[in-house]
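Chemist: Just passing along the structure, written as structure tokens.
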Amino acid sequence: MSSVTVRVPAKVNVQLSVGPLREDGYHDLVNVFHAVSIFDEVVAKESEGITVQVNGKWSDQVPTDDSNLAIRAARALAKHAGRSYGAELVIHKSIPVAGGMAGGSADAAGALVACNELWGLGLPMDDLMEIAGDLGSDVPFSLIGGTAVGTGRGEQLSELPTGGTFHWVFALANGGSVDGQRVRRVRPAPGGLRRRRAVADAQRLPHGGARHRRRVRARHPSEQRPPARRAQPPPRARPPTLESGRQHGALGAIVSGSGPTCAFLAIDATHARDLAHSLTTTGTAHTAVAAHGPVHGATLI
């Protein structure tokens, strides 16, 4: 096989609870991941060395040197297999960069699946998940997709069954991740991570229908949200994106991940398209994208 193509989705965090700082420098997390229909494609072609090219809307913001997570993923896979392999990786970007939607992690997951197939390794998913966990907290979820609860650093996943399709709008602002500022400003719950409460909230994720979607809006605790506001300019210095989405009928409005992205839960696909149009035409968001979920993780196409 001379070329392999893998499609891999973006994600939204619909629940994130943060515990105290651990000795390894990470915080314990309880995180509910939800994969949505904004996709990157990762193509792996035969080559002597491991290189990457990036094209698409966000390509000018993606490094192509050794810091690229897809390159690191391919090299980690070759090391795990105990042999020297080569691959020319071509990434077609549609997932926003530095938008809190795990675009880099998605590309790493895509590279793992593509190179596993290109090199004929035949490694099982358990092996790929182990390698993915060493690469980053979001990479394992990008492999499996769907909806899942992540604990530890977020890499220990338990599938969370959901029913129905959820329609989303993602409003993107100019700017990059505020992850470093946010982590330093997080104030853990007294006595450590309230794991039982957060997992219980995760298990009450809606199972389709307007009544259940309203529950998302009512129950979403997102303990990261106040620190995120403190890490950004004062409210008067930027558009009130969350409130604007609610005024246009969003059933729920949250900040996704560590990037400047707001996620809005819509009634249906038509409402999602209308909401995205409203957010961009009013100047509230630089870009707004409609999507649905859950969708599968990294998939050969």
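Please note that chains go A, B, ... in the order of the structure tokens, that every chain numbers its residues from 1, and that ligands are numbered from 1 in the order shown.
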Need the shell around Met129 (chain A): protein/DNA/RNA residues with any atom at most 8 Å away, counting only C-alpha atoms. Skip same-chain ones fewer than 4 positions apart. Format as a PDB file with C-alpha atoms, in the first residue's frame?

Modeler:
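The file below, part-v2.pdb, is the result:
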ATOM      1  CA  MET A 125      -6.180  -0.381  19.243  1.00  0.00           C
ATOM      2  CA  GLY A 133      -1.526   8.573  25.888  1.00  0.00           C
ATOM      3  CA  PRO A 140      -6.468   8.803  22.874  1.00  0.00           C
ATOM      4  CA  LEU A 143      -8.642   7.688  18.177  1.00  0.00           C
TER       5      LEU A 143
END

Chemist: Hey, what's within 12 Å of Ala114 (chain A) if we count only C-alpha atoms and toss same-chain stuff fewer than 4 positions away? As a ChimeraX atom specification, please?

Modeler: /A:1-8,41-46,70-71,73-74,77,87-91,107-110,118-123,128,143,298-301

Chemist: When you draw a straight line from CA of Pro124 (chain A) to CA of Asp66 (chain A), how long is it in Å?

Modeler: 26.1 Å

Chemist: For a test of reading the model, state the distance in Å between CA of Thr287 (chain A) and CA of Asn13 (chain A), rounded to one decimal.

Modeler: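 CA of Thr287 (chain A) sits 19.2 Å away from CA of Asn13 (chain A).
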
Chemist: From the options A:Leu29, A:Ala285, A:Ile131, A:Cys262, which residue's atoms come nearest to Val12 (chain A), counting only C-alpha atoms?

Modeler: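 Of A:Leu29, A:Ala285, A:Ile131, A:Cys262, the one nearest Val12 (chain A), counting only C-alpha atoms, is A:Cys262.
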
Chemist: Let's see if you can do this: from backbone DSSP, list all helix (DSSP H, G or I) residues in region 61-116 of chain A, as a VMD selection string.

Modeler: chain A and resid 61 69 to 81 103 to 116

Chemist: I want to know what sits within 8 Å of Phe39 (chain A), based on only C-alpha atoms, with residues of the same chain fewer than 4 positions away left out; could you give that as a ChimeraX atom specification?

Modeler: /A:7-10,93-95
